[in-house]
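Student: Next up is a structure, given as structure tokens.
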Amino acid sequence: MEYFIQQLINGLTLGGVYALIALGYTMVYGVIQLINFAHGEFFAAGGYMGVIVLSYFAGLGYMETHPVFCLTASFALSMAFCAYLAIGVEKIAYKPLRKESRLAALLSALGMSIFLSNGLMLTQGVYDKAYPSELFQGGLSFGLVTVSYLQMLIVCLTGALLVGLNILVFKTKIGMAMRATAQDKTMSALVSISSNRIISLTFAIGAGLAAAAGIMVGLYYGSVRYDMGFVPGIKAFAAAVLGGIGNITGAMVGGLIIGMVEIFGAGYLSGEYKDVFAFIILIAVLYFKPTGIMGENIDDTRV
Amino acid sequence: MRKKSITLLIMGLMIVPFLVTMAAAKTLHIGSMSPLTGPYASDGTDIKNGVLTAIEVFEEAGGVPGYDKIELHAQDTACDPRQAVASANKLINLEVAGVIGAYCSSSTIPASTTLDEESIPMITPASTNEKVTDRGLEYMFRMCGRDDDQAPASAKFMKESLQAKSIFIVDDKTTYSQGLADGVKKSCNELGIKVLAHEHVNQGDKDFSAILTMAKTANADVLYMSLQGFSPGSMMAIQAKRLGVKSQIVTQDAMFQPKFMEVAKDAAEGIYLTYGFTDPTTPEYKAFEKRYVPKYGAIAAYATYAYDSATALLKAIKAAGSTDPAKIKAELMKMEFAGVSKHVKFKANGDTGSSYIAFKIIDGKFVPYWDPEKGLLK
């Protein structure tokens, strides 16, 4: 039983990270029907920005005296940085191709992904960058079950971001504008919603969430490296598709399912085939429900 | 118009001396193969830097007679067997006199077959799998040790020094890591250490919580961590500590990287690893350190082996007086010198022998701890 609960907590942590990244894929797809393959790189860039800011504060010695401030500042700066990065990427790589075939933008996204990850390698080096480890050492033990403070932080923060995003999309004017743009760009333009601004905003929010995930992964696993965006990017993409691409709640559910399946597959069946289990679930769901768990009619996508 | 043509003429004349020197200059081409991108880029870059340092030292000492300069063609194998073969073919086209590399055994094995067909000598500074030199290739050499020496040394250490009775083995399914894990398993069975489980993870994984939860439940005396590269190793060490895994972690040569402690920090403390013994007090090591560290940073696992490999190759070319592979090989077999990593003397199969000892990580440093012959050190 303890074994089960421990694996459940492991799965929840990993699933939460996947969910945060998956949201970026699904939101962008919802608005412009593009699979933004460069999204994993925003996650990596966020992780790097976090380590740069935190190391700077650690160097000044603020880490011991004002840990909460340091953490908040690193999240804020890194999310803002990635948001602007994403807006820039969209303007350079996707906007000129918006009228072209979808394949052109998709290839542009793949190219952007390679460009960004190599850019990270050239500017930050090939070695892993270690996160300052003063924060959140230790955890709580209940018998054989150990829950680290970091796991608690990740789960709580992920939850808060997901709730925040839901409020933004479904309860505010901006969210309404986003949903309107996703449904019909021409019609929403007629009621004076600037689709360019909404698309930029969508990219910015998605990249901001990925950046938050990047810092959490950096804190949790202790280090970041330039190619860290690739594997989680693919998994999160799978999560978005599993949940029904274009659907925000679907991406969250999909992320949690992929994370759980991976951990339980490794824990109970076989560690070397854990990715296989995750993708078997994906194939099985798509076989019976091609639009994903919560996906709606493909022609009628929503944010 | 006339003015213009005169200017052009003068400019043309100015280029002539360059053309002449270029025609007279003869360049010795050598190749290196290691992962410069991808998950093992850090170790691969160390190899390239080691080779570059060797060339620099050699050129300062007068270079190779008949050549004005030595040029390195550093190829990126990305630890991918296909890309390794493609790099080998590229180096063949560049007519290199010899190759230092590769890093992953799974790259070295296919690439060496390709190079051997063209009779190009290859010296690997890092591939420890037995098959590298056991296939009877004419031009395959190895500067580092062998897994079938490392695995028994590691098992013997666990038995004698740690008095381990049970072991939980994890590898990440590369030729190197799995080969070594299988070797440790075999040696443990022979020595009577009970192998509770042999689990696998994937290359590129970051999250090991599922496997480590299994290890925690199994609660073996030793957790043997066989991973390709320090990067997954440091993450596994951190997660093991966080999960409260009580088993003693023992690992291998791929973790011999100062970056391992930099990332894992206090989670690295007390971990044991087997690595070829290198004496850091020799004048050769000190001279290398003085040259390498300011330029490239701390010396990691394979920089010294890469340096010695390149030095051996260049010495052989110089002694042979040509790039004829048969002559280079003859010189390599004859040579004996004090290298940075070890005393270099090639055996008939191309190996230079192993000298595995156990190190312990104490205060963020690798400290020699136990020798298979002498027992506890210090």
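Naming scheme: A, B, ... for chains in displayed order of the structure tokens; residues 1 onward per chain; ligands 1 onward as shown.
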What residues in chain A lie within 7 Å of chain B, counting only C-alpha atoms, written as a list in words?

Tutor: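 Result: Gln7, Asn10, Val126, Tyr127, Asp128, Ala130, Gly138, Thr146, Ser148, Tyr221, Gly222, Ser223, Asp227, Ile263, Ala266, Gly267, Gly271 and Glu272 of chain A.
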
Student: Would you return as a CSV table (one decimal) with N, CA and C atoms, in the first residue's frame the members of range 117-205 of chain B that DSSP assigns to alpha helix (DSSP H) on this structure's backbone?

Tutor:
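New file selection25.csv:
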```
chain,number,residue,atom,x,y,z
B,117,GLU,N,38.4,-1.0,-42.4
B,117,GLU,CA,38.4,-1.4,-43.8
B,117,GLU,C,39.3,-0.6,-44.7
B,131,LYS,N,34.0,-5.8,-26.5
B,131,LYS,CA,33.9,-6.1,-27.9
B,131,LYS,C,34.8,-5.1,-28.7
B,132,VAL,N,35.1,-3.9,-28.2
B,132,VAL,CA,35.8,-2.9,-28.9
B,132,VAL,C,37.1,-3.5,-29.5
B,133,THR,N,37.9,-4.2,-28.6
B,133,THR,CA,39.1,-4.7,-29.0
B,133,THR,C,39.1,-6.2,-29.2
B,134,ASP,N,38.0,-6.9,-28.9
B,134,ASP,CA,37.9,-8.3,-29.0
B,134,ASP,C,37.5,-8.9,-30.3
B,147,ASP,N,35.5,-3.2,-19.5
B,147,ASP,CA,34.4,-3.5,-18.6
B,147,ASP,C,34.6,-4.9,-17.9
B,148,ASP,N,35.1,-5.8,-18.6
B,148,ASP,CA,35.3,-7.1,-17.9
B,148,ASP,C,36.4,-7.1,-16.9
B,149,ASP,N,37.1,-6.0,-16.8
B,149,ASP,CA,38.0,-5.8,-15.6
B,149,ASP,C,37.3,-5.0,-14.6
B,150,GLN,N,36.5,-4.0,-15.1
B,150,GLN,CA,35.8,-3.1,-14.1
B,150,GLN,C,34.8,-3.8,-13.3
B,151,ALA,N,34.0,-4.6,-14.0
B,151,ALA,CA,32.8,-5.3,-13.2
B,151,ALA,C,33.3,-6.2,-12.1
B,152,PRO,N,34.3,-7.1,-12.3
B,152,PRO,CA,34.8,-7.9,-11.2
B,152,PRO,C,35.4,-7.0,-10.1
B,153,ALA,N,36.1,-6.0,-10.5
B,153,ALA,CA,36.7,-5.1,-9.5
B,153,ALA,C,35.6,-4.5,-8.6
B,154,SER,N,34.6,-4.0,-9.3
B,154,SER,CA,33.5,-3.4,-8.5
B,154,SER,C,32.8,-4.4,-7.6
B,155,ALA,N,32.5,-5.6,-8.1
B,155,ALA,CA,31.9,-6.6,-7.3
B,155,ALA,C,32.8,-7.0,-6.1
B,156,LYS,N,34.1,-7.1,-6.3
B,156,LYS,CA,35.0,-7.5,-5.3
B,156,LYS,C,35.0,-6.4,-4.2
B,157,PHE,N,34.9,-5.2,-4.7
B,157,PHE,CA,34.9,-4.0,-3.7
B,157,PHE,C,33.6,-4.1,-2.8
B,158,MET,N,32.5,-4.4,-3.5
B,158,MET,CA,31.2,-4.5,-2.7
B,158,MET,C,31.3,-5.6,-1.7
B,159,LYS,N,31.9,-6.7,-2.1
B,159,LYS,CA,32.0,-7.9,-1.2
B,159,LYS,C,32.9,-7.6,0.0
B,160,GLU,N,34.1,-7.2,-0.4
B,160,GLU,CA,35.2,-7.1,0.6
B,160,GLU,C,35.1,-5.9,1.5
B,175,THR,N,25.1,0.1,-24.9
B,175,THR,CA,26.1,-1.0,-24.9
B,175,THR,C,27.0,-1.0,-23.7
B,176,TYR,N,27.4,0.2,-23.4
B,176,TYR,CA,28.3,0.4,-22.2
B,176,TYR,C,27.6,0.0,-20.9
B,177,SER,N,26.5,0.7,-20.6
B,177,SER,CA,25.9,0.6,-19.3
B,177,SER,C,25.3,-0.8,-19.1
B,178,GLN,N,24.7,-1.3,-20.1
B,178,GLN,CA,24.1,-2.6,-19.9
B,178,GLN,C,25.2,-3.7,-19.8
B,179,GLY,N,26.2,-3.6,-20.7
B,179,GLY,CA,27.3,-4.5,-20.6
B,179,GLY,C,28.0,-4.6,-19.2
B,180,LEU,N,28.2,-3.4,-18.7
B,180,LEU,CA,28.8,-3.3,-17.4
B,180,LEU,C,27.9,-3.9,-16.3
B,181,ALA,N,26.6,-3.5,-16.4
B,181,ALA,CA,25.6,-4.0,-15.4
B,181,ALA,C,25.5,-5.5,-15.5
B,182,ASP,N,25.5,-6.1,-16.7
B,182,ASP,CA,25.5,-7.6,-16.8
B,182,ASP,C,26.8,-8.2,-16.2
B,183,GLY,N,27.9,-7.5,-16.4
B,183,GLY,CA,29.2,-8.0,-15.8
B,183,GLY,C,29.1,-8.0,-14.3
B,184,VAL,N,28.6,-6.9,-13.7
B,184,VAL,CA,28.5,-6.8,-12.3
B,184,VAL,C,27.6,-7.9,-11.7
B,185,LYS,N,26.5,-8.1,-12.5
B,185,LYS,CA,25.5,-9.1,-12.0
B,185,LYS,C,26.2,-10.5,-12.0
B,186,LYS,N,27.0,-10.8,-13.0
B,186,LYS,CA,27.7,-12.1,-13.1
B,186,LYS,C,28.7,-12.2,-12.0
B,187,SER,N,29.5,-11.2,-11.8
B,187,SER,CA,30.5,-11.2,-10.7
B,187,SER,C,29.8,-11.3,-9.4
B,188,CYS,N,28.7,-10.6,-9.2
B,188,CYS,CA,28.0,-10.7,-7.9
B,188,CYS,C,27.5,-12.1,-7.6
B,189,ASN,N,27.0,-12.7,-8.6
B,189,ASN,CA,26.5,-14.1,-8.5
B,189,ASN,C,27.7,-15.0,-8.1
B,190,GLU,N,28.8,-14.8,-8.7
B,190,GLU,CA,30.0,-15.6,-8.4
B,190,GLU,C,30.5,-15.4,-7.0
B,191,LEU,N,30.4,-14.2,-6.5
B,191,LEU,CA,30.9,-13.9,-5.2
B,191,LEU,C,29.8,-14.1,-4.1
```

Student: Neighbouring residues of Gln257 in chain B were defined as those with any atom within 8 Å, considering only C-alpha atoms; residues of the same chain fewer than 5 positions away were excluded. Please report them as a ChimeraX atom specification.

Tutor: /B:230,299-301

Student: Near range 48-63 of chain B, counting only C-alpha atoms, which residues have an atom at most 7 Å away, once you skip same-chain residues fewer than 6 positions from it, shown as a PyMOL selection string?

Tutor: chain B and resi 32+70+74+292+303-304+306-307+310-311

Student: Identify which of the residues A:Val169, A:Ala109, A:Leu97, A:Met294 lies closest to Gly244 in chain A, counting only C-alpha atoms when measuring atom-to-atom distances.

Tutor: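 Going through A:Val169, A:Ala109, A:Leu97, A:Met294 one by one, the smallest distance to Gly244 in chain A is for A:Met294.
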
Student: Near range 170-181 of chain A, counting only C-alpha atoms, which residues have an atom at most 9 Å away, once you skip same-chain residues fewer than 4 positions from it, shown as a count of residues only?

Tutor: 19

Student: Pick the closest to Tyr356 in chain B from B:Arg135, B:Lys26, B:Arg146, B:Lys246: which is it, counting only C-alpha atoms?

Tutor: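 The closest residue to Tyr356 in chain B is B:Arg146.
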
Student: Show which residues sit within 8 Å of Tyr94 in chain A, as a PyMOL selection string. Count only C-alpha atoms, and ignore same-chain residues fewer than 3 positions away.

Tutor: chain A and resi 89-91+97-98+105+108-109

Student: Grab the residues selected above and save them as an mmCIF file, in the first residue's frame with all heavy atoms.

Tutor:
```cif
data_model
loop_
_atom_site.group_PDB
_atom_site.id
_atom_site.type_symbol
_atom_site.label_atom_id
_atom_site.label_comp_id
_atom_site.auth_asym_id
_atom_site.auth_seq_id
_atom_site.Cartn_x
_atom_site.Cartn_y
_atom_site.Cartn_z
ATOM 1 N N VAL A 89 8.944 34.612 -31.424
ATOM 2 C CA VAL A 89 8.980 33.442 -32.307
ATOM 3 C C VAL A 89 7.750 33.430 -33.210
ATOM 4 O O VAL A 89 7.841 33.182 -34.409
ATOM 5 C CB VAL A 89 9.061 32.145 -31.463
ATOM 6 C CG1 VAL A 89 8.733 30.935 -32.313
ATOM 7 C CG2 VAL A 89 10.435 32.004 -30.853
ATOM 8 N N GLU A 90 6.611 33.744 -32.617
ATOM 9 C CA GLU A 90 5.384 33.732 -33.410
ATOM 10 C C GLU A 90 5.454 34.767 -34.531
ATOM 11 O O GLU A 90 5.124 34.480 -35.670
ATOM 12 C CB GLU A 90 4.185 34.012 -32.499
ATOM 13 C CG GLU A 90 2.846 33.659 -33.109
ATOM 14 C CD GLU A 90 2.223 34.802 -33.886
ATOM 15 O OE1 GLU A 90 2.441 35.987 -33.505
ATOM 16 O OE2 GLU A 90 1.526 34.528 -34.873
ATOM 17 N N LYS A 91 5.957 35.960 -34.187
ATOM 18 C CA LYS A 91 6.033 37.046 -35.182
ATOM 19 C C LYS A 91 6.996 36.669 -36.309
ATOM 20 O O LYS A 91 6.739 36.961 -37.476
ATOM 21 C CB LYS A 91 6.534 38.330 -34.515
ATOM 22 C CG LYS A 91 5.530 38.963 -33.574
ATOM 23 C CD LYS A 91 4.767 40.073 -34.258
ATOM 24 C CE LYS A 91 3.902 40.832 -33.255
ATOM 25 N NZ LYS A 91 2.803 40.000 -32.723
ATOM 26 N N LEU A 97 3.503 33.003 -42.212
ATOM 27 C CA LEU A 97 3.009 31.791 -42.879
ATOM 28 C C LEU A 97 1.536 31.526 -42.570
ATOM 29 O O LEU A 97 1.025 30.457 -42.886
ATOM 30 C CB LEU A 97 3.842 30.585 -42.418
ATOM 31 C CG LEU A 97 5.327 30.637 -42.772
ATOM 32 C CD1 LEU A 97 6.084 29.546 -42.057
ATOM 33 C CD2 LEU A 97 5.517 30.518 -44.273
ATOM 34 N N ARG A 98 0.901 32.458 -41.920
ATOM 35 C CA ARG A 98 -0.460 32.178 -41.460
ATOM 36 C C ARG A 98 -1.415 31.890 -42.603
ATOM 37 O O ARG A 98 -2.344 31.107 -42.472
ATOM 38 C CB ARG A 98 -0.960 33.349 -40.611
ATOM 39 C CG ARG A 98 -1.860 32.889 -39.475
ATOM 40 C CD ARG A 98 -2.284 34.045 -38.632
ATOM 41 N NE ARG A 98 -1.280 34.393 -37.638
ATOM 42 C CZ ARG A 98 -1.244 35.577 -37.030
ATOM 43 N NH1 ARG A 98 -2.119 36.510 -37.345
ATOM 44 N NH2 ARG A 98 -0.317 35.821 -36.142
ATOM 45 N N ALA A 105 3.796 26.062 -41.787
ATOM 46 C CA ALA A 105 3.988 26.553 -40.421
ATOM 47 C C ALA A 105 4.528 25.450 -39.519
ATOM 48 O O ALA A 105 5.344 25.692 -38.636
ATOM 49 C CB ALA A 105 2.670 27.081 -39.874
ATOM 50 N N SER A 108 8.123 25.157 -40.130
ATOM 51 C CA SER A 108 8.754 26.320 -39.522
ATOM 52 C C SER A 108 8.899 26.108 -38.017
ATOM 53 O O SER A 108 9.926 26.464 -37.415
ATOM 54 C CB SER A 108 7.904 27.551 -39.817
ATOM 55 O OG SER A 108 8.500 28.676 -39.294
ATOM 56 N N ALA A 109 7.887 25.483 -37.409
ATOM 57 C CA ALA A 109 7.937 25.207 -35.967
ATOM 58 C C ALA A 109 9.052 24.224 -35.639
ATOM 59 O O ALA A 109 9.797 24.413 -34.672
ATOM 60 C CB ALA A 109 6.603 24.651 -35.493
#
```

Student: To one decimal in Å, tell me the separation between CA of Phe277 in chain B and CA of Ala78 in chain B.

Tutor: 27.5 Å

Student: With a distance cut-off of 8 Å and only C-alpha atoms, select the neighbouring residues of Lys342 in chain B, excluding the residue or stretch itself and same-chain residues fewer than 3 positions from it, and output the selection as a ChimeraX atom specification.

Tutor: /B:277-279,338-339

Student: Mind checking DSSP for range 67-226 of chain A and telling me the strand (DSSP E) residues as a ChimeraX atom specification?

Tutor: /A:129-130,139-142,145-148,223-224

Student: Calculated over only C-alpha atoms, which of the candidates A:Ile9, A:Leu120, A:Val17, A:Leu71 has the smallest distance to Phe136 in chain A?

Tutor: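 The shortest atom-to-atom distance to Phe136 in chain A comes from A:Leu71.
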